[in-house]
file start05.cif (mmCIF, C-alpha atoms and all ligand atoms)
data_upload
loop_
_atom_site.label_atom_id
_atom_site.label_comp_id
_atom_site.auth_asym_id
_atom_site.auth_seq_id
_atom_site.Cartn_x
_atom_site.Cartn_y
_atom_site.Cartn_z
CA MET A 232 -0.23 72.92 -8.59
CA THR A 233 0.34 72.56 -4.83
CA ALA A 234 3.92 72.05 -3.65
CA THR A 235 4.74 68.64 -2.24
CA VAL A 236 5.30 68.82 1.50
CA ILE A 237 8.45 67.09 2.70
CA ASP A 238 9.02 66.91 6.46
CA LYS A 239 12.52 66.81 7.85
CA VAL A 240 13.63 65.29 11.14
CA ARG A 241 17.25 65.70 12.24
CA VAL A 242 18.99 62.92 14.15
CA GLY A 243 21.39 64.94 16.31
CA LEU A 244 24.60 62.96 16.53
CA ASP A 245 27.26 65.70 16.16
CA SER A 246 29.53 64.95 13.19
CA ARG A 247 27.37 61.92 12.29
CA ALA A 248 24.06 63.82 12.40
CA TYR A 249 21.69 63.16 9.51
CA ASP A 250 18.28 64.03 8.15
CA ILE A 251 15.23 61.83 7.79
CA LEU A 252 13.06 63.16 4.96
CA ILE A 253 9.41 62.16 5.01
CA GLY A 254 6.84 62.69 2.28
CA PRO A 255 5.42 61.47 -1.02
CA GLY A 256 7.54 60.95 -4.13
CA LEU A 257 10.90 60.82 -2.37
CA ILE A 258 12.09 57.79 -4.35
CA ALA A 259 11.42 59.56 -7.64
CA GLY A 260 13.32 62.60 -6.32
CA ALA A 261 16.01 60.68 -4.41
CA GLY A 262 19.00 61.75 -6.52
CA ARG A 263 18.36 65.44 -5.85
CA HIS A 264 17.88 64.85 -2.12
CA VAL A 265 20.92 62.64 -1.51
CA ALA A 266 23.39 64.48 -3.78
CA PRO A 267 24.50 66.93 -1.05
CA VAL A 268 25.54 64.11 1.33
CA LEU A 269 27.37 61.91 -1.21
CA ARG A 270 31.15 62.03 -0.92
CA GLN A 271 31.44 60.71 -4.47
CA LYS A 272 28.79 60.86 -7.19
CA ARG A 273 28.53 57.11 -7.21
CA VAL A 274 26.16 54.73 -5.39
CA ILE A 275 25.55 50.99 -5.27
CA VAL A 276 21.89 50.18 -4.63
CA VAL A 277 21.01 47.00 -2.72
CA THR A 278 17.41 45.83 -2.89
CA ASP A 279 15.30 42.68 -3.10
CA ARG A 280 13.33 41.20 -5.98
CA ASN A 281 9.92 42.32 -4.72
CA VAL A 282 10.94 45.90 -3.99
CA ALA A 283 12.93 46.16 -7.22
CA GLY A 284 9.75 45.44 -9.19
CA HIS A 285 8.01 48.43 -7.61
CA HIS A 286 10.68 51.06 -7.03
CA LEU A 287 14.11 50.34 -8.53
CA ASP A 288 13.55 51.99 -11.92
CA ALA A 289 12.26 55.22 -10.38
CA LEU A 290 15.21 55.34 -7.98
CA LEU A 291 17.79 54.75 -10.71
CA ARG A 292 16.15 57.36 -12.98
CA SER A 293 16.42 59.89 -10.18
CA PHE A 294 20.15 59.16 -9.89
CA ASP A 295 20.52 59.62 -13.66
CA ASP A 296 18.68 62.95 -13.42
CA ALA A 297 21.07 64.08 -10.68
CA GLY A 298 24.20 62.90 -12.53
CA ILE A 299 24.94 60.20 -9.96
CA GLY A 300 26.60 57.02 -11.26
CA HIS A 301 24.92 53.85 -10.07
CA GLN A 302 25.05 50.06 -10.02
CA HIS A 303 22.64 47.73 -8.26
CA LEU A 304 22.35 44.29 -6.69
CA ILE A 305 19.08 42.41 -6.25
CA LEU A 306 18.78 39.93 -3.36
CA PRO A 307 16.11 37.33 -2.61
CA PRO A 308 13.26 38.67 -0.45
CA GLY A 309 12.58 37.46 3.10
CA GLU A 310 14.16 37.22 6.56
CA LYS A 311 16.36 34.28 5.48
CA THR A 312 18.44 36.73 3.41
CA LYS A 313 19.71 38.30 6.64
CA ASP A 314 22.36 35.67 7.34
CA PHE A 315 26.12 35.12 7.09
CA ALA A 316 25.88 33.44 3.70
CA HIS A 317 24.02 36.34 2.10
CA LEU A 318 26.25 38.88 3.84
CA GLN A 319 29.31 37.19 2.39
CA LYS A 320 27.78 37.04 -1.07
CA LEU A 321 26.69 40.67 -0.85
CA LEU A 322 30.20 41.78 0.17
CA ASP A 323 31.77 39.75 -2.63
CA ASP A 324 29.30 41.11 -5.18
CA VAL A 325 29.83 44.70 -4.05
CA LEU A 326 33.64 44.25 -4.11
CA ALA A 327 33.37 42.89 -7.64
CA LEU A 328 31.92 46.28 -8.59
CA LYS A 329 35.16 47.90 -7.34
CA PRO A 330 33.75 50.40 -4.85
CA GLU A 331 35.97 53.10 -3.42
CA ARG A 332 35.97 54.35 0.16
CA ARG A 333 33.74 57.27 -0.86
CA THR A 334 31.18 55.15 -2.69
CA THR A 335 27.82 55.04 -0.90
CA LEU A 336 25.60 51.99 -0.54
CA VAL A 337 21.87 52.63 -0.81
CA ALA A 338 19.49 50.22 0.95
CA LEU A 339 16.17 50.17 -0.91
CA GLY A 340 13.69 47.94 0.91
CA GLY A 341 12.37 46.83 4.27
CA GLY A 342 14.15 45.98 7.50
CA VAL A 343 16.00 42.96 6.10
CA ILE A 344 17.62 44.93 3.28
CA GLY A 345 18.32 47.90 5.55
CA ASP A 346 19.92 45.85 8.33
CA LEU A 347 21.99 43.70 5.96
CA THR A 348 23.15 46.56 3.74
CA GLY A 349 23.95 48.75 6.74
CA PHE A 350 26.06 45.99 8.26
CA ALA A 351 27.83 45.38 4.95
CA ALA A 352 28.54 49.14 4.75
CA SER A 353 29.97 49.11 8.28
CA ILE A 354 32.65 46.54 7.38
CA LEU A 355 33.21 47.10 3.65
CA LEU A 356 36.65 48.72 3.11
CA ARG A 357 36.54 49.26 6.93
CA GLY A 358 33.38 51.31 6.63
CA VAL A 359 31.62 53.16 3.81
CA ASP A 360 28.61 55.49 3.89
CA PHE A 361 25.10 54.21 3.37
CA ILE A 362 21.67 55.71 2.83
CA GLN A 363 18.40 54.15 3.86
CA VAL A 364 15.39 54.23 1.53
CA PRO A 365 12.88 52.22 3.59
CA THR A 366 9.83 50.97 1.73
CA THR A 367 7.87 49.34 4.58
CA LEU A 368 6.13 51.17 7.41
CA LEU A 369 8.13 49.18 9.96
CA ALA A 370 11.42 50.20 8.36
CA GLN A 371 10.31 53.85 7.98
CA VAL A 372 9.33 54.31 11.61
CA ASP A 373 11.88 52.04 13.27
CA SER A 374 14.63 49.97 11.69
CA SER A 375 16.01 52.49 9.17
CA VAL A 376 16.59 55.11 11.85
CA GLY A 377 19.22 54.84 14.56
CA GLY A 378 22.05 52.86 13.02
CA LYS A 379 21.35 49.35 14.32
CA THR A 380 22.55 47.01 11.58
CA GLY A 381 23.13 43.28 11.58
CA ILE A 382 22.22 39.76 10.65
CA ASP A 383 20.55 36.73 12.25
CA THR A 384 22.47 33.61 13.29
CA ALA A 385 21.46 30.13 14.38
CA HIS A 386 21.51 31.54 17.95
CA GLY A 387 18.88 34.20 17.27
CA LYS A 388 17.96 37.40 15.48
CA ASN A 389 20.29 40.39 15.16
CA LEU A 390 23.01 38.81 17.30
CA VAL A 391 25.84 39.89 14.97
CA GLY A 392 25.99 43.48 13.82
CA ALA A 393 27.25 46.99 14.36
CA PHE A 394 26.04 50.47 15.13
CA HIS A 395 26.56 52.31 11.84
CA GLN A 396 24.47 55.42 11.21
CA PRO A 397 23.14 56.14 7.72
CA ARG A 398 23.99 59.46 6.04
CA MET A 399 20.32 60.08 5.24
CA VAL A 400 16.95 58.32 5.44
CA LEU A 401 14.30 58.87 2.76
CA CYS A 402 10.82 57.77 3.89
CA ASP A 403 8.69 57.90 0.75
CA THR A 404 5.15 57.66 2.10
CA THR A 405 3.76 56.77 -1.35
CA ALA A 406 5.90 53.59 -1.27
CA LEU A 407 3.53 52.37 1.45
CA ASP A 408 0.75 52.17 -1.18
CA THR A 409 2.34 48.99 -2.57
CA LEU A 410 2.51 47.24 0.82
CA PRO A 411 0.16 44.36 1.63
CA ARG A 412 -2.31 45.44 4.33
CA ARG A 413 -0.93 42.92 6.80
CA ASP A 414 2.63 44.32 6.50
CA LEU A 415 1.30 47.85 6.86
CA LEU A 416 -0.53 46.85 10.05
CA ALA A 417 2.56 45.14 11.45
CA GLY A 418 4.50 48.39 10.99
CA TYR A 419 1.64 50.31 12.59
CA ALA A 420 2.24 48.41 15.85
CA GLU A 421 5.59 50.24 16.10
CA VAL A 422 3.80 53.56 15.48
CA VAL A 423 1.42 52.82 18.37
CA LYS A 424 4.50 51.99 20.45
CA TYR A 425 5.74 55.60 20.30
CA GLY A 426 2.43 56.84 21.68
CA CYS A 427 2.61 54.30 24.49
CA ILE A 428 6.23 55.08 25.38
CA GLY A 429 6.13 58.82 25.80
CA ASP A 430 3.46 60.66 23.84
CA ALA A 431 -0.09 60.21 25.15
CA ALA A 432 -1.33 62.99 22.82
CA PHE A 433 -0.01 61.05 19.81
CA PHE A 434 -1.80 57.94 21.06
CA THR A 435 -5.03 59.95 21.25
CA TRP A 436 -4.36 61.24 17.71
CA LEU A 437 -3.90 57.64 16.53
CA GLU A 438 -7.22 56.66 18.09
CA GLY A 439 -8.85 59.37 15.98
CA HIS A 440 -6.77 59.26 12.80
CA GLY A 441 -4.71 56.04 12.75
CA GLN A 442 -7.27 54.26 10.63
CA ARG A 443 -7.08 57.06 8.05
CA ALA A 444 -3.30 56.75 7.95
CA LEU A 445 -3.66 53.01 7.36
CA ASP A 446 -6.29 53.55 4.68
CA GLY A 447 -3.94 55.73 2.64
CA ASP A 448 -4.70 59.32 3.65
CA GLY A 449 -1.45 61.06 2.68
CA SER A 450 -1.33 63.74 5.35
CA ALA A 451 -2.32 61.33 8.15
CA ARG A 452 0.36 58.93 6.96
CA ARG A 453 2.99 61.64 6.90
CA HIS A 454 2.05 62.78 10.38
CA ALA A 455 2.21 59.22 11.75
CA VAL A 456 5.62 58.55 10.17
CA MET A 457 7.03 61.96 11.07
CA THR A 458 5.92 61.82 14.72
CA SER A 459 7.35 58.30 15.04
CA CYS A 460 10.67 59.29 13.44
CA ARG A 461 10.88 62.39 15.62
CA ALA A 462 10.39 60.25 18.74
CA LYS A 463 12.97 57.73 17.59
CA ALA A 464 15.46 60.43 16.59
CA ALA A 465 15.24 62.02 20.04
CA VAL A 466 15.88 58.71 21.79
CA VAL A 467 18.78 57.79 19.48
CA ALA A 468 20.39 61.22 19.88
CA ALA A 469 20.23 60.83 23.66
CA ASP A 470 21.45 57.24 23.84
CA GLU A 471 22.87 55.97 20.55
CA ARG A 472 24.26 52.68 21.87
CA GLU A 473 21.42 51.70 24.19
CA ASP A 474 23.15 52.27 27.51
CA GLY A 475 19.89 53.62 28.92
CA ALA A 476 16.81 55.31 27.47
CA ARG A 477 17.03 53.65 24.04
CA ALA A 478 15.85 50.46 25.74
CA LEU A 479 12.41 52.13 26.01
CA LEU A 480 12.02 51.44 22.28
CA ASN A 481 11.79 47.78 23.26
CA LEU A 482 8.32 48.19 24.79
CA GLY A 483 6.55 44.88 24.16
CA HIS A 484 9.66 43.40 22.57
CA THR A 485 10.73 41.06 25.40
CA PHE A 486 7.40 39.28 25.09
CA ALA A 487 7.41 39.58 21.30
CA HIS A 488 10.88 38.06 21.08
CA ALA A 489 9.73 35.07 23.15
CA LEU A 490 6.67 34.54 20.93
CA GLU A 491 8.79 34.78 17.78
CA ALA A 492 11.45 32.43 19.16
CA GLU A 493 8.78 29.91 20.18
CA THR A 494 7.02 29.98 16.80
CA GLY A 495 10.33 29.98 14.89
CA PHE A 496 11.66 33.15 13.36
CA ASP A 497 10.61 32.13 9.88
CA SER A 498 7.04 31.40 10.97
CA ASP A 499 3.96 33.21 9.76
CA LEU A 500 3.96 35.54 12.79
CA LEU A 501 5.12 39.01 11.74
CA HIS A 502 7.39 40.97 14.08
CA GLY A 503 4.90 43.83 14.37
CA GLU A 504 2.09 41.42 15.24
CA ALA A 505 4.25 39.93 18.00
CA VAL A 506 5.02 43.48 19.21
CA ALA A 507 1.30 44.32 19.34
CA ILE A 508 0.61 41.31 21.57
CA GLY A 509 3.80 41.99 23.53
CA MET A 510 2.73 45.57 24.26
CA GLY A 511 -0.58 44.29 25.60
CA MET A 512 1.35 41.92 27.87
CA ALA A 513 3.69 44.70 29.04
CA PHE A 514 0.62 46.75 30.00
CA ASP A 515 -0.92 43.73 31.76
CA LEU A 516 2.30 43.16 33.70
CA SER A 517 2.32 46.82 34.68
CA VAL A 518 -1.31 46.55 35.87
CA ARG A 519 -0.47 43.38 37.82
CA LEU A 520 2.40 45.18 39.54
CA GLY A 521 0.08 48.05 40.53
CA LEU A 522 1.83 50.56 38.25
CA CYS A 523 -0.74 51.18 35.55
CA PRO A 524 -4.53 51.71 35.57
CA LEU A 525 -6.45 48.78 34.10
CA ALA A 526 -8.29 51.29 31.87
CA ASP A 527 -5.07 52.11 29.97
CA ALA A 528 -4.42 48.45 29.15
CA GLY A 529 -8.00 48.23 27.88
CA ARG A 530 -7.56 51.38 25.79
CA LEU A 531 -4.43 50.00 24.11
CA ARG A 532 -6.12 46.68 23.34
CA ARG A 533 -9.21 48.40 21.97
CA HIS A 534 -7.13 50.47 19.56
CA LEU A 535 -5.03 47.51 18.39
CA ALA A 536 -8.17 45.46 17.79
CA ALA A 537 -9.98 48.38 16.11
CA VAL A 538 -7.32 48.67 13.40
CA GLY A 539 -7.10 44.90 12.97
CA LEU A 540 -3.94 44.00 14.88
CA PRO A 541 -3.84 40.96 17.16
CA ALA A 542 -4.24 42.16 20.74
CA GLU A 543 -4.26 38.84 22.65
CA LEU A 544 -2.38 35.56 22.45
CA ALA A 545 -5.68 33.90 21.55
CA ASP A 546 -5.80 36.02 18.36
CA LEU A 547 -2.87 34.01 17.00
CA GLY A 548 -5.02 30.90 16.81
CA ARG A 549 -2.24 28.66 18.11
CA PRO A 550 -3.66 26.03 20.46
CA SER A 551 -1.00 25.95 23.20
CA TRP A 552 1.77 28.03 24.71
CA ASP A 553 4.03 27.02 27.58
CA PRO A 554 4.79 29.89 30.00
CA ALA A 555 8.03 28.24 31.18
CA ARG A 556 9.31 27.94 27.61
CA LEU A 557 8.42 31.57 26.88
CA ILE A 558 10.38 32.67 29.96
CA GLU A 559 13.31 30.52 28.81
CA HIS A 560 13.33 32.43 25.51
CA MET A 561 13.27 35.71 27.42
CA ARG A 562 16.33 34.64 29.39
CA ARG A 563 18.24 34.23 26.13
CA ASP A 564 17.30 37.74 24.95
CA LYS A 565 20.37 39.91 24.29
CA LYS A 566 18.94 42.55 26.61
CA VAL A 567 19.37 40.30 29.67
CA LEU A 568 21.63 42.10 32.16
CA ASP A 569 23.45 40.19 34.91
CA GLY A 570 21.01 37.34 34.36
CA ARG A 571 17.96 39.57 34.84
CA ILE A 572 15.37 40.06 32.13
CA THR A 573 14.74 43.69 31.19
CA PHE A 574 11.10 44.75 30.88
CA ILE A 575 9.70 48.03 29.69
CA LEU A 576 6.76 48.80 31.94
CA VAL A 577 4.26 51.67 31.93
CA ARG A 578 2.55 53.93 34.44
CA GLY A 579 -0.06 54.50 31.76
CA ILE A 580 -0.26 55.37 28.07
CA GLY A 581 2.70 57.65 27.29
CA ALA A 582 4.64 56.85 30.46
CA ALA A 583 7.08 53.96 29.95
CA HIS A 584 10.11 53.12 32.07
CA ILE A 585 12.82 50.46 32.26
CA ALA A 586 12.47 47.76 34.93
CA ARG A 587 15.17 45.23 35.76
CA ASP A 588 13.73 43.93 39.01
CA VAL A 589 10.50 42.18 37.99
CA ALA A 590 10.08 38.93 39.94
CA PRO A 591 10.04 35.92 37.57
CA GLU A 592 6.97 34.57 39.45
CA GLU A 593 4.98 37.65 38.38
CA VAL A 594 5.91 37.05 34.74
CA HIS A 595 5.06 33.37 35.05
CA ALA A 596 1.67 34.19 36.60
CA LEU A 597 0.96 36.74 33.87
CA LEU A 598 1.82 34.30 31.11
CA THR A 599 -0.22 31.55 32.75
CA ASP A 600 -3.27 33.86 32.74
CA ALA A 601 -2.60 34.94 29.15
CA VAL A 602 -2.26 31.36 27.96
CA ALA A 603 -5.48 30.34 29.73
CA SER A 604 -7.61 33.23 28.39
N1 LIG B 701 14.34 49.03 17.26
C1 LIG B 701 14.85 49.48 18.48
C2 LIG B 701 16.04 50.38 18.35
O1 LIG B 701 16.35 50.81 17.27
O2 LIG B 701 16.67 50.65 19.33
#
call {"tool": "encode", "arguments": {"input": "start05.cif", "output": "structure tokens", "more": "lines below"}}
Ligand code: GLY
result
Amino acid sequence: MTATVIDKVRVGLDSRAYDILIGPGLIAGAGRHVAPVLRQKRVIVVTDRNVAGHHLDALLRSFDDAGIGHQHLILPPGEKTKDFAHLQKLLDDVLALKPERRTTLVALGGGVIGDLTGFAASILLRGVDFIQVPTTLLAQVDSSVGGKTGIDTAHGKNLVGAFHQPRMVLCDTTALDTLPRRDLLAGYAEVVKYGCIGDAAFFTWLEGHGQRALDGDGSARRHAVMTSCRAKAAVVAADEREDGARALLNLGHTFAHALEAETGFDSDLLHGEAVAIGMGMAFDLSVRLGLCPLADAGRLRRHLAAVGLPAELADLGRPSWDPARLIEHMRRDKKVLDGRITFILVRGIGAAHIARDVAPEEVHALLTDAVAS
């Protein structure tokens, strides 16, 4: 029998440093892996109905095997769960279970469960530990790592929250087998993002092997998740609270946010799909400003299209977009600084930088072209 390979990535944050474990079967072995970081042999698992059906029993069995006491709460699935009402109910339900300060919350699910549970952990009893067990690709490579937690409000997504780092992240790559293809692809957009930001060699690897990772090849999947987590961990360790370099992780997100706001956050457009289109636009803006070779924008689009992600606005099949309205949404983005919209631009694949001085006319012209094409 061959030994299961588990990769480990350390997020270096001094006394709050933690490990991200990546590999197959981590949910079934979770109890053994998390036991060393628990301050009390007791956890409260928070998950949603869909994820519970696939993974809750295996997780709870692993806690039994490791002698860890557990209770669990099952929430409704979907982005709508990430609001004040569900936060309040979650806190009340957890308090009814009489947690102590050393009890750990475990978030089993995608970004919604991770963000909501992490935020609840940050304020429960003035802060308890939590562990992330992300079950979507998007959560494994992005939202579960780095301590951004929060909820959506009527004013927009993630506008209320806290930085609260998990004590451990378990990325079980076999959990991705139960994901619908479209969700897997949406998460893959964030994987491509890491290649575009600062790792041209990883982008080249994705061109050759990304499809295999999407199709279920275990070692390709592990490599894609591990390389993404390593990139994210390095950025978070250098700039936990997004005073500088962490903003690079928002490549494509200013455009994506505008598209999501315009379509309504509960629309059919998935975040990762918006990010894929947004990255294409960020490359186009960089080309327009004379920063990036046209060939690199073409290369990104070709790869997105090759795996089946939308690469152009036209791929969304929506008949009309209004550039002025999209810019209005961008102005309301929480990353606006002194009234100026922040863009992440590129000098090519693997060479992103932060730009706060892009003329609004350039953005308007870019969007006008994109809308017309
Ligand atoms: N998802 C971007 C960040 O964690 O900073």
call {"tool": "residues_near_ligand", "arguments": {"input": "start05.cif", "ligand": "ligand LIG 701 (chain B)", "cutoff": "10 Å", "atoms": "all atoms listed in the file", "output": "NGL selection string"}}
result
:A and (369-370 or 372-380 or 394 or 421 or 463-464 or 466-467 or 470-473 or 476-482 or 484)
call {"tool": "closest_residue", "arguments": {"input": "start05.cif", "among": "A:Thr312, A:Thr404, A:Thr409, A:Ser459", "to": "Gly429 (chain A)", "atoms": "all atoms listed in the file"}}
result
A:Ser459
call {"tool": "residues_near_point", "arguments": {"input": "start05.cif", "point": "(11.8, 36.1, 4.0)", "cutoff": "12 Å", "atoms": "all atoms listed in the file", "output": "PyMOL selection string"}}
result
chain A and resi 279-281+306-314+341-344+496-501
call {"tool": "residues_around", "arguments": {"input": "start05.cif", "residues": "Thr405 (chain A)", "least_positions_apart": "2", "cutoff": "7 Å", "atoms": "only C-alpha atoms", "output": "list of chain:residue names"}}
result
A:Pro255, A:Gly256, A:Asp403, A:Leu407, A:Asp408
call {"tool": "atom_distance", "arguments": {"input": "start05.cif", "atom1": "CA of Leu445 (chain A)", "atom2": "CA of Ala283 (chain A)"}}
result
23.1 Å
call {"tool": "residues_around", "arguments": {"input": "start05.cif", "residues": "Ala420 (chain A)", "least_positions_apart": "3", "cutoff": "8 Å", "atoms": "all atoms listed in the file", "output": "PyMOL selection string"}}
result
chain A and resi 416-417+423-424+503-504+506-507+535+540
call {"tool": "closest_residue", "arguments": {"input": "start05.cif", "among": "A:Leu597, A:Val325, A:Met457, A:Met399", "to": "Phe361 (chain A)", "atoms": "only C-alpha atoms"}}
result
A:Met399
call {"tool": "closest_residue", "arguments": {"input": "start05.cif", "among": "A:Leu339, A:Ile305, A:Cys402, A:Val538", "to": "Leu415 (chain A)", "atoms": "only C-alpha atoms"}}
result
A:Val538
call {"tool": "residues_around", "arguments": {"input": "start05.cif", "residues": "Ile585 (chain A)", "least_positions_apart": "4", "cutoff": "7 Å", "atoms": "only C-alpha atoms", "output": "ChimeraX atom specification"}}
result
/A:479,574-576
call {"tool": "residues_around", "arguments": {"input": "start05.cif", "residues": "region 284-294 of chain A", "least_positions_apart": "4", "cutoff": "7 Å", "atoms": "only C-alpha atoms", "output": "ChimeraX atom specification"}}
result
/A:258-262,280,298-300
call {"tool": "closest_residue", "arguments": {"input": "start05.cif", "among": "A:Arg562, A:Arg549, A:His264, A:Lys272", "to": "Val364 (chain A)", "atoms": "all atoms listed in the file"}}
result
A:His264
call {"tool": "closest_residue", "arguments": {"input": "start05.cif", "among": "A:Leu318, A:Ile558, A:Ala596, A:Val359", "to": "Leu269 (chain A)", "atoms": "all atoms listed in the file"}}
result
A:Val359
call {"tool": "closest_residue", "arguments": {"input": "start05.cif", "among": "A:Leu557, A:Val518, A:Cys427, A:Ile572", "to": "Leu531 (chain A)", "atoms": "all atoms listed in the file"}}
result
A:Cys427
call {"tool": "residues_around", "arguments": {"input": "start05.cif", "residues": "Asp527 (chain A)", "least_positions_apart": "4", "cutoff": "12 Å", "atoms": "all atoms listed in the file", "output": "PyMOL selection string"}}
result
chain A and resi 427+431+434-435+510-511+513-515+517-518+522-523+531-534+577-582
call {"tool": "atom_distance", "arguments": {"input": "start05.cif", "atom1": "CA of Trp436 (chain A)", "atom2": "CA of Leu368 (chain A)"}}
result
17.8 Å
